[in-house]
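Below is coords-v2.cif, holding mmCIF, C-alpha atoms.
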```cif
data_structure
loop_
_atom_site.group_PDB
_atom_site.id
_atom_site.type_symbol
_atom_site.label_atom_id
_atom_site.label_comp_id
_atom_site.auth_asym_id
_atom_site.auth_seq_id
_atom_site.Cartn_x
_atom_site.Cartn_y
_atom_site.Cartn_z
ATOM 1 C CA MET J 17 -78.884 35.652 -85.726
ATOM 2 C CA GLU J 18 -76.046 33.270 -86.351
ATOM 3 C CA THR J 19 -75.763 31.218 -89.508
ATOM 4 C CA SER J 20 -73.914 27.924 -89.858
ATOM 5 C CA THR J 21 -71.355 29.635 -92.120
ATOM 6 C CA GLN J 22 -70.612 32.102 -89.353
ATOM 7 C CA ARG J 23 -70.239 29.258 -86.926
ATOM 8 C CA LEU J 24 -67.862 27.401 -89.224
ATOM 9 C CA THR J 25 -65.792 30.505 -89.900
ATOM 10 C CA ARG J 26 -65.511 31.391 -86.241
ATOM 11 C CA THR J 27 -64.560 27.853 -85.265
ATOM 12 C CA GLY J 28 -61.876 27.982 -87.971
ATOM 13 C CA LEU J 29 -60.601 31.307 -86.648
ATOM 14 C CA LEU J 30 -60.488 29.911 -83.113
ATOM 15 C CA ALA J 31 -58.535 26.895 -84.381
ATOM 16 C CA ALA J 32 -56.075 29.232 -86.135
ATOM 17 C CA ALA J 33 -55.715 31.242 -82.912
ATOM 18 C CA ALA J 34 -55.149 28.000 -80.984
ATOM 19 C CA VAL J 35 -52.313 26.961 -83.325
ATOM 20 C CA ALA J 36 -50.715 30.422 -83.111
ATOM 21 C CA LEU J 37 -50.915 30.446 -79.292
ATOM 22 C CA PHE J 38 -49.608 26.880 -79.108
ATOM 23 C CA ILE J 39 -46.551 27.778 -81.219
ATOM 24 C CA PHE J 40 -46.010 31.063 -79.366
ATOM 25 C CA GLU J 41 -46.100 29.262 -76.053
ATOM 26 C CA GLY J 42 -43.525 26.757 -77.244
ATOM 27 C CA LEU J 43 -41.157 29.638 -78.004
ATOM 28 C CA ALA J 44 -41.767 31.668 -74.845
ATOM 29 C CA PRO J 45 -39.339 31.139 -71.962
ATOM 30 C CA ARG J 46 -40.740 29.219 -69.003
ATOM 31 C CA PRO J 47 -39.620 29.053 -65.377
ATOM 32 C CA LEU J 48 -39.722 25.255 -65.350
ATOM 33 C CA PRO J 49 -39.397 23.241 -68.534
ATOM 34 C CA TRP J 50 -42.581 21.198 -68.175
ATOM 35 C CA MET J 51 -44.643 24.137 -66.993
ATOM 36 C CA LYS J 52 -46.721 25.689 -69.722
ATOM 37 C CA MET J 53 -49.543 28.084 -69.181
ATOM 38 C CA GLY J 54 -51.789 26.221 -71.583
ATOM 39 C CA LEU J 55 -52.628 29.288 -73.687
ATOM 40 C CA GLY J 56 -53.519 26.902 -76.523
ATOM 41 C CA ASN J 57 -56.394 25.729 -74.363
ATOM 42 C CA LEU J 58 -58.001 29.190 -74.382
ATOM 43 C CA PRO J 59 -59.623 28.854 -77.861
ATOM 44 C CA VAL J 60 -60.715 25.318 -76.931
ATOM 45 C CA VAL J 61 -62.560 26.659 -73.865
ATOM 46 C CA LEU J 62 -64.025 29.504 -75.964
ATOM 47 C CA SER J 63 -65.301 27.187 -78.691
ATOM 48 C CA LEU J 64 -66.688 24.776 -76.100
ATOM 49 C CA MET J 65 -68.630 27.551 -74.421
ATOM 50 C CA SER J 66 -69.919 29.146 -77.596
ATOM 51 C CA TYR J 67 -70.251 26.312 -80.108
ATOM 52 C CA GLY J 68 -70.336 23.108 -78.068
ATOM 53 C CA PRO J 69 -68.196 19.978 -77.644
ATOM 54 C CA LEU J 70 -67.828 19.089 -81.348
ATOM 55 C CA ALA J 71 -66.412 22.491 -82.260
ATOM 56 C CA ALA J 72 -64.069 22.252 -79.278
ATOM 57 C CA LEU J 73 -62.911 18.824 -80.462
ATOM 58 C CA ALA J 74 -62.211 20.213 -83.942
ATOM 59 C CA VAL J 75 -60.231 23.135 -82.482
ATOM 60 C CA SER J 76 -58.310 20.837 -80.148
ATOM 61 C CA VAL J 77 -57.409 18.272 -82.835
ATOM 62 C CA LEU J 78 -56.401 20.972 -85.328
ATOM 63 C CA LYS J 79 -54.267 22.639 -82.667
ATOM 64 C CA LEU J 80 -52.493 19.376 -81.867
ATOM 65 C CA PHE J 81 -51.832 18.323 -85.470
ATOM 66 C CA LEU J 82 -50.977 21.697 -87.004
ATOM 67 C CA GLY J 83 -49.046 22.711 -83.892
ATOM 68 C CA GLY J 84 -47.137 19.435 -83.938
ATOM 69 C CA LEU J 85 -46.457 19.776 -87.655
ATOM 70 C CA LEU J 86 -45.215 23.374 -87.333
ATOM 71 C CA SER J 87 -43.099 22.838 -84.231
ATOM 72 C CA GLY J 88 -41.629 19.612 -85.612
ATOM 73 C CA THR J 89 -42.706 17.471 -82.687
ATOM 74 C CA LEU J 90 -45.294 15.467 -84.637
ATOM 75 C CA ALA J 91 -44.982 11.704 -84.101
ATOM 76 C CA ASN J 92 -42.471 11.832 -81.251
ATOM 77 C CA PRO J 93 -43.354 10.650 -77.723
ATOM 78 C CA VAL J 94 -43.850 14.200 -76.468
ATOM 79 C CA PHE J 95 -46.523 14.692 -79.127
ATOM 80 C CA PHE J 96 -48.395 11.548 -78.138
ATOM 81 C CA ILE J 97 -48.275 12.465 -74.455
ATOM 82 C CA GLY J 98 -49.558 15.967 -75.277
ATOM 83 C CA ALA J 99 -52.221 14.657 -77.667
ATOM 84 C CA GLY J 100 -53.516 12.086 -75.192
ATOM 85 C CA ALA J 101 -53.628 14.709 -72.451
ATOM 86 C CA GLY J 102 -55.381 17.139 -74.796
ATOM 87 C CA MET J 103 -58.073 14.584 -75.631
ATOM 88 C CA CYS J 104 -58.629 13.729 -71.942
ATOM 89 C CA SER J 105 -58.847 17.415 -71.156
ATOM 90 C CA TRP J 106 -61.397 17.939 -73.958
ATOM 91 C CA SER J 107 -63.607 15.046 -72.808
ATOM 92 C CA VAL J 108 -63.618 16.149 -69.173
ATOM 93 C CA MET J 109 -64.394 19.757 -70.104
ATOM 94 C CA SER J 110 -67.213 18.634 -72.424
ATOM 95 C CA VAL J 111 -68.715 16.425 -69.724
ATOM 96 C CA ALA J 112 -68.422 19.219 -67.150
ATOM 97 C CA ARG J 113 -70.112 21.570 -69.609
ATOM 98 C CA SER J 114 -72.970 19.288 -70.667
ATOM 99 C CA VAL J 115 -73.657 17.613 -67.326
ATOM 100 C CA GLY J 116 -72.961 20.639 -65.173
ATOM 101 C CA GLY J 117 -74.809 23.130 -67.369
ATOM 102 C CA SER J 118 -74.276 26.482 -65.688
ATOM 103 C CA VAL J 119 -72.718 25.021 -62.544
ATOM 104 C CA PHE J 120 -69.246 25.900 -63.852
ATOM 105 C CA SER J 121 -68.274 29.197 -65.437
ATOM 106 C CA ALA J 122 -65.358 29.585 -67.845
ATOM 107 C CA VAL J 123 -63.049 29.496 -64.816
ATOM 108 C CA GLY J 124 -64.432 26.130 -63.676
ATOM 109 C CA LEU J 125 -64.110 24.673 -67.164
ATOM 110 C CA GLY J 126 -60.566 26.025 -67.425
ATOM 111 C CA ILE J 127 -59.613 24.361 -64.125
ATOM 112 C CA TRP J 128 -61.177 21.018 -65.148
ATOM 113 C CA GLY J 129 -59.304 21.189 -68.438
ATOM 114 C CA ALA J 130 -55.927 22.208 -67.042
ATOM 115 C CA VAL J 131 -55.970 19.813 -64.069
ATOM 116 C CA THR J 132 -57.051 16.887 -66.277
ATOM 117 C CA HIS J 133 -54.369 17.806 -68.788
ATOM 118 C CA GLN J 134 -51.699 17.714 -66.085
ATOM 119 C CA LEU J 135 -52.923 14.424 -64.592
ATOM 120 C CA ALA J 136 -53.230 12.716 -67.981
ATOM 121 C CA GLN J 137 -49.778 13.960 -68.908
ATOM 122 C CA LEU J 138 -48.305 12.395 -65.768
ATOM 123 C CA VAL J 139 -50.135 9.094 -66.350
ATOM 124 C CA LEU J 140 -48.932 8.928 -69.953
ATOM 125 C CA ALA J 141 -45.399 9.960 -69.014
ATOM 126 C CA TYR J 142 -45.391 7.256 -66.322
ATOM 127 C CA TRP J 143 -46.611 4.749 -68.877
ATOM 128 C CA TYR J 144 -43.854 5.786 -71.293
ATOM 129 C CA ILE J 145 -40.951 6.095 -68.839
ATOM 130 C CA GLY J 146 -42.125 3.471 -66.355
ATOM 131 C CA GLN J 147 -40.520 5.187 -63.369
ATOM 132 C CA TRP J 148 -42.546 5.493 -60.191
ATOM 133 C CA GLY J 149 -40.639 8.632 -59.161
ATOM 134 C CA ILE J 150 -42.495 10.712 -61.730
ATOM 135 C CA TRP J 151 -45.360 10.928 -59.230
ATOM 136 C CA THR J 152 -43.272 13.233 -57.050
ATOM 137 C CA LEU J 153 -44.225 15.860 -59.641
ATOM 138 C CA LEU J 154 -47.917 15.432 -58.838
ATOM 139 C CA PRO J 155 -48.344 18.308 -56.327
ATOM 140 C CA VAL J 156 -46.482 20.760 -58.573
ATOM 141 C CA ALA J 157 -48.450 19.583 -61.594
ATOM 142 C CA LEU J 158 -51.780 20.040 -59.806
ATOM 143 C CA LEU J 159 -50.790 23.481 -58.527
ATOM 144 C CA GLY J 160 -49.719 24.501 -62.025
ATOM 145 C CA GLY J 161 -52.986 23.150 -63.411
ATOM 146 C CA LEU J 162 -55.047 25.079 -60.868
ATOM 147 C CA ILE J 163 -53.268 28.385 -61.503
ATOM 148 C CA SER J 164 -53.252 28.080 -65.286
ATOM 149 C CA GLY J 165 -56.874 26.897 -65.255
ATOM 150 C CA ILE J 166 -57.979 29.997 -63.338
ATOM 151 C CA LEU J 167 -55.968 32.306 -65.609
ATOM 152 C CA ILE J 168 -57.234 30.669 -68.805
ATOM 153 C CA GLY J 169 -60.798 30.747 -67.459
ATOM 154 C CA LEU J 170 -60.592 34.454 -66.624
ATOM 155 C CA LEU J 171 -59.082 35.199 -70.037
ATOM 156 C CA ALA J 172 -61.840 33.172 -71.711
ATOM 157 C CA HIS J 173 -64.504 35.064 -69.760
ATOM 158 C CA TRP J 174 -62.978 38.402 -70.738
ATOM 159 C CA VAL J 175 -62.421 37.489 -74.405
ATOM 160 C CA ARG J 176 -65.983 36.161 -74.707
ATOM 161 C CA ASN J 177 -67.400 39.392 -73.355
ATOM 162 C CA ARG J 178 -65.249 41.518 -75.620
ATOM 163 C CA LEU J 179 -65.807 39.528 -78.811
ATOM 164 C CA ASN J 180 -69.497 38.696 -78.246
ATOM 165 C CA LEU J 181 -68.750 35.144 -79.318
ATOM 166 C CA MET V 8 -60.361 51.910 -53.582
ATOM 167 C CA ILE V 9 -61.680 51.363 -57.098
ATOM 168 C CA ARG V 10 -58.452 49.590 -57.912
ATOM 169 C CA VAL V 11 -59.026 47.171 -55.028
ATOM 170 C CA PHE V 12 -62.520 46.418 -56.355
ATOM 171 C CA LYS V 13 -61.097 45.801 -59.804
ATOM 172 C CA CYS V 14 -58.603 43.352 -58.342
ATOM 173 C CA ILE V 15 -61.250 41.280 -56.606
ATOM 174 C CA TYR V 16 -63.832 41.698 -59.369
ATOM 175 C CA TRP V 17 -62.903 38.351 -60.874
ATOM 176 C CA LEU V 18 -64.162 36.596 -57.768
ATOM 177 C CA SER V 19 -67.697 37.697 -58.657
ATOM 178 C CA ILE V 20 -67.802 35.679 -61.892
ATOM 179 C CA LEU V 21 -67.087 32.434 -60.022
ATOM 180 C CA THR V 22 -70.104 30.149 -59.645
ATOM 181 C CA ILE V 23 -70.678 27.888 -56.646
ATOM 182 C CA GLY V 24 -69.334 24.965 -58.693
ATOM 183 C CA ASP V 25 -66.147 26.894 -59.460
ATOM 184 C CA ARG V 26 -65.577 27.686 -55.798
ATOM 185 C CA ILE V 27 -66.089 24.081 -54.707
ATOM 186 C CA LEU V 28 -63.769 22.885 -57.469
ATOM 187 C CA ILE V 29 -61.044 25.359 -56.467
ATOM 188 C CA ALA V 30 -61.418 24.353 -52.804
ATOM 189 C CA VAL V 31 -61.202 20.626 -53.585
ATOM 190 C CA VAL V 32 -58.140 20.982 -55.819
ATOM 191 C CA THR V 33 -56.436 23.249 -53.251
ATOM 192 C CA LEU V 34 -57.091 20.713 -50.476
ATOM 193 C CA ALA V 35 -55.716 17.913 -52.651
ATOM 194 C CA ILE V 36 -52.551 19.919 -53.327
ATOM 195 C CA GLY V 37 -52.171 20.724 -49.616
ATOM 196 C CA GLY V 38 -52.569 17.055 -48.701
ATOM 197 C CA LEU V 39 -50.024 15.970 -51.298
ATOM 198 C CA TYR V 40 -47.501 18.537 -50.038
ATOM 199 C CA CYS V 41 -47.998 17.273 -46.465
ATOM 200 C CA VAL V 42 -47.294 13.712 -47.624
ATOM 201 C CA GLU V 43 -44.287 14.920 -49.619
ATOM 202 C CA TYR V 44 -42.691 16.756 -46.697
ATOM 203 C CA SER V 45 -43.277 13.992 -44.190
ATOM 204 C CA LYS V 46 -40.993 11.709 -46.211
ATOM 205 C CA GLU V 47 -37.660 10.919 -44.666
ATOM 206 C CA GLN V 48 -34.277 12.031 -45.882
ATOM 207 C CA GLY V 49 -32.554 9.459 -48.037
ATOM 208 C CA SER V 50 -29.192 7.929 -47.268
ATOM 209 C CA ARG V 51 -28.304 5.969 -50.395
ATOM 210 C CA VAL V 52 -28.417 6.770 -54.057
ATOM 211 C CA LYS V 53 -29.138 4.401 -56.941
ATOM 212 C CA ILE V 54 -27.688 5.349 -60.294
ATOM 213 C CA GLN V 55 -28.967 3.687 -63.465
ATOM 214 C CA SER V 56 -27.043 4.477 -66.639
ATOM 215 C CA GLU V 57 -25.766 2.531 -69.639
ATOM 216 C CA GLY V 58 -27.975 -0.393 -68.622
ATOM 217 C CA ASP V 59 -26.056 -0.647 -65.383
ATOM 218 C CA THR V 60 -27.255 -0.083 -61.806
ATOM 219 C CA GLN V 61 -24.999 1.077 -58.984
ATOM 220 C CA ILE V 62 -25.862 1.959 -55.393
ATOM 221 C CA TYR V 63 -23.749 4.294 -53.245
ATOM 222 C CA ASN V 64 -24.026 5.718 -49.764
ATOM 223 C CA MET V 65 -24.604 9.452 -49.644
ATOM 224 C CA ASP V 66 -22.302 10.080 -46.669
ATOM 225 C CA GLU V 67 -19.381 11.594 -48.533
ATOM 226 C CA HIS V 68 -19.312 14.446 -50.972
ATOM 227 C CA THR V 69 -18.429 13.196 -54.447
ATOM 228 C CA ILE V 70 -18.910 14.111 -58.050
ATOM 229 C CA ARG V 71 -19.615 11.214 -60.380
ATOM 230 C CA ASN V 72 -19.177 11.362 -64.113
ATOM 231 C CA LEU V 73 -21.841 9.380 -65.931
ATOM 232 C CA ARG V 74 -21.679 8.539 -69.598
ATOM 233 C CA GLY V 75 -24.754 8.384 -71.795
ATOM 234 C CA PRO V 76 -25.647 8.479 -75.471
ATOM 235 C CA LYS V 77 -25.423 12.309 -75.522
ATOM 236 C CA GLY V 78 -22.127 12.541 -73.663
ATOM 237 C CA MET V 79 -21.111 13.061 -70.061
ATOM 238 C CA SER V 80 -23.293 14.121 -67.124
ATOM 239 C CA GLU V 81 -21.882 15.188 -63.766
ATOM 240 C CA LEU V 82 -23.824 14.052 -60.715
ATOM 241 C CA GLU V 83 -22.982 15.743 -57.431
ATOM 242 C CA VAL V 84 -23.646 13.607 -54.363
ATOM 243 C CA GLY V 85 -23.525 15.244 -50.933
ATOM 244 C CA SER V 86 -24.727 14.220 -47.498
ATOM 245 C CA SER V 87 -27.670 16.598 -47.800
ATOM 246 C CA GLY V 88 -28.803 15.621 -51.286
ATOM 247 C CA ILE V 89 -27.908 15.100 -54.903
ATOM 248 C CA ARG V 90 -28.120 17.154 -58.058
ATOM 249 C CA MET V 91 -27.099 16.998 -61.679
ATOM 250 C CA ARG V 92 -24.346 19.601 -61.933
ATOM 251 C CA THR V 93 -23.923 19.576 -65.683
ATOM 252 C CA SER V 94 -25.268 17.451 -68.467
ATOM 253 C CA SER V 95 -24.675 17.325 -72.186
ATOM 254 C CA CYS V 96 -28.356 16.942 -73.017
ATOM 255 C CA LEU V 97 -30.292 19.549 -74.996
ATOM 256 C CA PHE V 98 -33.001 20.784 -72.621
ATOM 257 C CA GLN V 99 -31.081 20.463 -69.314
ATOM 258 C CA ARG V 100 -34.207 19.334 -67.499
ATOM 259 C CA CYS V 101 -32.160 17.156 -65.157
ATOM 260 C CA VAL V 102 -29.957 20.129 -64.225
ATOM 261 C CA HIS V 103 -32.949 22.423 -63.616
ATOM 262 C CA ARG V 104 -34.385 19.823 -61.248
ATOM 263 C CA GLY V 105 -31.865 21.147 -58.694
ATOM 264 C CA TRP V 106 -31.127 19.492 -55.383
ATOM 265 C CA VAL V 107 -33.263 16.572 -54.208
ATOM 266 C CA GLN V 108 -32.848 14.777 -50.886
ATOM 267 C CA ARG V 109 -35.933 12.811 -49.891
ATOM 268 C CA GLN V 110 -36.514 9.079 -50.207
ATOM 269 C CA GLY V 111 -38.049 8.187 -53.536
ATOM 270 C CA ASP V 112 -37.032 11.474 -55.166
ATOM 271 C CA MET V 113 -35.509 11.091 -58.607
ATOM 272 C CA ILE V 114 -33.463 12.914 -61.152
ATOM 273 C CA VAL V 115 -34.185 11.639 -64.629
ATOM 274 C CA CYS V 116 -32.334 12.574 -67.795
ATOM 275 C CA ILE V 117 -34.208 10.951 -70.654
ATOM 276 C CA PRO V 118 -31.895 12.047 -73.498
ATOM 277 C CA ASN V 119 -28.810 10.779 -71.686
ATOM 278 C CA ARG V 120 -30.623 7.709 -70.323
ATOM 279 C CA ILE V 121 -29.754 8.304 -66.680
ATOM 280 C CA VAL V 122 -32.078 7.666 -63.734
ATOM 281 C CA VAL V 123 -30.931 8.548 -60.226
ATOM 282 C CA THR V 124 -33.116 7.537 -57.281
ATOM 283 C CA ILE V 125 -32.692 8.294 -53.583
ATOM 284 C CA LEU V 126 -33.145 5.283 -51.340
ATOM 285 C CA GLY V 127 -33.527 4.883 -47.597
ATOM 286 C CA ALA V 128 -31.120 3.150 -45.275
ATOM 287 C CA ARG V 129 -29.949 -0.305 -46.218
ATOM 288 C CA LEU V 130 -32.199 -3.065 -44.959
ATOM 289 C CA GLY V 131 -30.429 -6.043 -43.500
ATOM 290 C CA VAL V 132 -31.372 -9.547 -44.643
ATOM 291 C CA ASP V 133 -33.215 -10.030 -41.359
ATOM 292 C CA ALA V 134 -35.274 -6.983 -41.943
ATOM 293 C CA VAL V 135 -36.360 -8.215 -45.359
ATOM 294 C CA SER V 136 -37.183 -11.796 -44.412
ATOM 295 C CA ARG V 137 -38.799 -10.902 -41.112
#
```

Would you encode the structure as structure tokens?
Amino acid sequence: METSTQRLTRTGLLAAAAVALFIFEGLAPRPLPWMKMGLGNLPVVLSLMSYGPLAALAVSVLKLFLGGLLSGTLANPVFFIGAGAGMCSWSVMSVARSVGGSVFSAVGLGIWGAVTHQLAQLVLAYWYIGQWGIWTLLPVALLGGLISGILIGLLAHWVRNRLNL
Amino acid sequence: MIRVFKCIYWLSILTIGDRILIAVVTLAIGGLYCVEYSKEQGSRVKIQSEGDTQIYNMDEHTIRNLRGPKGMSELEVGSSGIRMRTSSCLFQRCVHRGWVQRQGDMIVCIPNRIVVTILGARLGVDAVSR
């Protein structure tokens, strides 16, 4: 039996994990500069699956603000592009979860989230830079989104089974 | 044998929706790559820096020094493509972009305010007003 205190505590812990993963990912070396695995999205997927869209929104917003504050990127264009993409990703995942029901597993939700994140990032970057050529990154961005979505989804599935969230 | 089953075990947690989603995204990526690789090689290069736009032919191998707010960037132009050789920006994203050669491809250095675009062959006035 799960009480609301438990729920609140666990959502808070997931948000803390999201911030830690977000910061860790910013420090880890990456093959291509704009390619991130989206580890910070893992707690968002977990909270969405276990506690619903509102908890996922809380985790996502906390991750963005605390992560931005700690990594010093708060209030610069990169932050706004990331925040906008994060919000798009959250809405699409929530819709996929509530409309789709059990049509999508954690892997499906992860792919929706990651692919939307990549697309929204490109749209916002295009809006900010105003250069058409940014769309040449589209295939790479989608491929990255697909791969990271599958990985995050599998991790979420595994973590959920292990932690009994 | 068990190891093989463990490797493909993850496939069993995929729902029908997941599989369709993966298939659709994969097809979209494949289609985009086909479009990307059917583009023609460029023959001119447009360099925008310091609020100034210059267009060069790509037929001879040259290295151009471009100045920006962060310092100098070296653009290498060859007949087969262009790349940013060195740049005095922090993250070196323009340098990591490597060689690009197709029409519409770009190298962008935001910190140093440089945008390089590959263009097709020059269109004559007749071709434009046709």

Exercise. When the PyMOL selection byres ((chain V and resi 103) around 12) is applied to the file above, which residues end up in the set, as a list in words?
Worked result: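 Expected selection for the PyMOL selection byres ((chain V and resi 103) around 12) here is Arg46, Pro47, Leu48, Pro49 and Trp50 of chain J; Arg90, Met91, Arg92, Thr93, Ser94, Cys96, Phe98, Gln99, Arg100, Cys101, Val102, Arg104, Gly105, Trp106, Val107, Ile114, Val115 and Cys116 of chain V.
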
Create the file for the chosen residues now, containing C-alpha atoms and written as an mmCIF file, in the frame of the given file.
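Contents of the output file result18.cif:
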```
data_model
loop_
_atom_site.group_PDB
_atom_site.id
_atom_site.type_symbol
_atom_site.label_atom_id
_atom_site.label_comp_id
_atom_site.auth_asym_id
_atom_site.auth_seq_id
_atom_site.Cartn_x
_atom_site.Cartn_y
_atom_site.Cartn_z
ATOM 1 C CA ARG J 46 -40.740 29.219 -69.003
ATOM 2 C CA PRO J 47 -39.620 29.053 -65.377
ATOM 3 C CA LEU J 48 -39.722 25.255 -65.350
ATOM 4 C CA PRO J 49 -39.397 23.241 -68.534
ATOM 5 C CA TRP J 50 -42.581 21.198 -68.175
ATOM 6 C CA ARG V 90 -28.120 17.154 -58.058
ATOM 7 C CA MET V 91 -27.099 16.998 -61.679
ATOM 8 C CA ARG V 92 -24.346 19.601 -61.933
ATOM 9 C CA THR V 93 -23.923 19.576 -65.683
ATOM 10 C CA SER V 94 -25.268 17.451 -68.467
ATOM 11 C CA CYS V 96 -28.356 16.942 -73.017
ATOM 12 C CA PHE V 98 -33.001 20.784 -72.621
ATOM 13 C CA GLN V 99 -31.081 20.463 -69.314
ATOM 14 C CA ARG V 100 -34.207 19.334 -67.499
ATOM 15 C CA CYS V 101 -32.160 17.156 -65.157
ATOM 16 C CA VAL V 102 -29.957 20.129 -64.225
ATOM 17 C CA ARG V 104 -34.385 19.823 -61.248
ATOM 18 C CA GLY V 105 -31.865 21.147 -58.694
ATOM 19 C CA TRP V 106 -31.127 19.492 -55.383
ATOM 20 C CA VAL V 107 -33.263 16.572 -54.208
ATOM 21 C CA ILE V 114 -33.463 12.914 -61.152
ATOM 22 C CA VAL V 115 -34.185 11.639 -64.629
ATOM 23 C CA CYS V 116 -32.334 12.574 -67.795
#
```

What are the nearest atom pairs, with distances in Å to one decimal, for all residues of chain J that come at most 9 Å from chain V, using all atoms listed in the file, set out by chain and rising residue number as a tab-separated table?
```
residue	atom	partner	partner_atom	distance
J:Leu48	CA	V:His103	CA	7.5
J:Pro49	CA	V:Arg100	CA	6.6
J:Trp50	CA	V:Arg100	CA	8.6
J:Gly116	CA	V:Gly24	CA	8.6
J:Ser118	CA	V:Thr22	CA	8.2
J:Val119	CA	V:Gly24	CA	5.1
J:Phe120	CA	V:Gly24	CA	5.2
J:Ser121	CA	V:Thr22	CA	6.1
J:Ala122	CA	V:Leu21	CA	8.5
J:Val123	CA	V:Asp25	CA	6.7
J:Gly124	CA	V:Asp25	CA	4.6
J:Leu125	CA	V:Asp25	CA	8.3
J:Ile127	CA	V:Ile29	CA	7.9
J:Trp128	CA	V:Leu28	CA	8.3
J:Val131	CA	V:Val32	CA	8.6
J:Ile145	CA	V:Ile117	CA	8.5
J:Gln147	CA	V:Val122	CA	8.8
J:Trp148	CA	V:Gly111	CA	8.5
J:Gly149	CA	V:Met113	CA	5.7
J:Ile150	CA	V:Met113	CA	7.7
J:Thr152	CA	V:Asp112	CA	6.8
J:Leu154	CA	V:Leu39	CA	7.8
J:Pro155	CA	V:Ile36	CA	5.4
J:Val156	CA	V:Ile36	CA	8.1
J:Leu158	CA	V:Ile36	CA	6.5
J:Leu159	CA	V:Ile36	CA	6.5
J:Leu162	CA	V:Val32	CA	7.2
J:Ile166	CA	V:Ile29	CA	8.8
J:Leu170	CA	V:Trp17	CA	7.3
J:His173	CA	V:Ile20	CA	8.6
```

Exercise. Of the residues J:Met109, J:Val77, J:Leu153, J:Ile39, which is the one nearest to Gly126 of chain J, using all atoms listed in the file?
Worked result: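 The answer is J:Met109, which sits nearest to Gly126 of chain J.
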
Problem set entry | Pairwise distance for atom CA of Val94 of chain J and atom CA of Phe38 of chain J, rounded to one decimal in Å | 14.2 Å

Exercise. What is the atom CA of Trp106 of chain J to atom CA of Pro69 of chain J distance in Å?
Worked result: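 Computing it gives 8.0 Å between the two atoms.
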
Exercise. What does the distance between atom CA of Ile54 of chain V and atom CA of Asn92 of chain J come to in Å, to one decimal place?
Worked result: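 Separation of atom CA of Ile54 of chain V and atom CA of Asn92 of chain J: 26.5 Å.
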
Exercise. Written as a list in words, which residues does the PyMOL selection byres ((chain V and resi 76-86) around 8) give for the file shown?
Worked result: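 With the shown file as input, the PyMOL selection byres ((chain V and resi 76-86) around 8) matches Ser50, Met65, Asp66, Glu67, His68, Thr69, Ile70, Arg71, Asn72, Leu73, Arg74, Gly75, Ser87, Gly88, Ile89, Arg90, Met91, Arg92, Thr93, Ser94, Ser95, Cys96, Pro118, Asn119 and Arg120 of chain V.
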
For this session: Give me the result of the PyMOL selection byres ((chain J and resi 132-134) around 8) on this file, residue by residue, as JSON, numbers by chain.
Result: {"J": [101, 102, 104, 105, 108, 128, 129, 130, 131, 135, 136, 137, 138, 157, 158, 161]}

For this session: For Ala128 of chain V, work out the shell of residues within 9 Å, counting all atoms listed in the file and skipping chain neighbours fewer than 6 positions away, then give it as a PyMOL selection string.
Result: chain V and resi 49-51+64

For this session: For a cut-off of 6 Å around (-30.4, 3.0, -51.4), file coordinates, pick out all residues using only C-alpha atoms and list them as a list in words.
Result: Arg51, Val52, Lys53, Leu126 and Gly127 of chain V

Exercise. For Trp143 of chain J, which of J:Leu82, J:Ile97, J:Met103, J:Leu73 is the closest residue, counting only C-alpha atoms?
Worked result: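 Selected residue with least distance to Trp143 of chain J: J:Ile97.
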
For this session: Return the single residue from J:Ala99, J:Leu80, J:Leu70, J:Ala44 that is closest to Thr27 of chain J, with distances computed using only C-alpha atoms.
Result: J:Leu70

Problem set entry | V:Gln61, V:Ser56, V:Ser19, V:Gln108 ranked by distance to Tyr44 of chain V, top pick (using all atoms listed in the file) |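 That would be V:Gln108, the residue with the smallest distance to Tyr44 of chain V.
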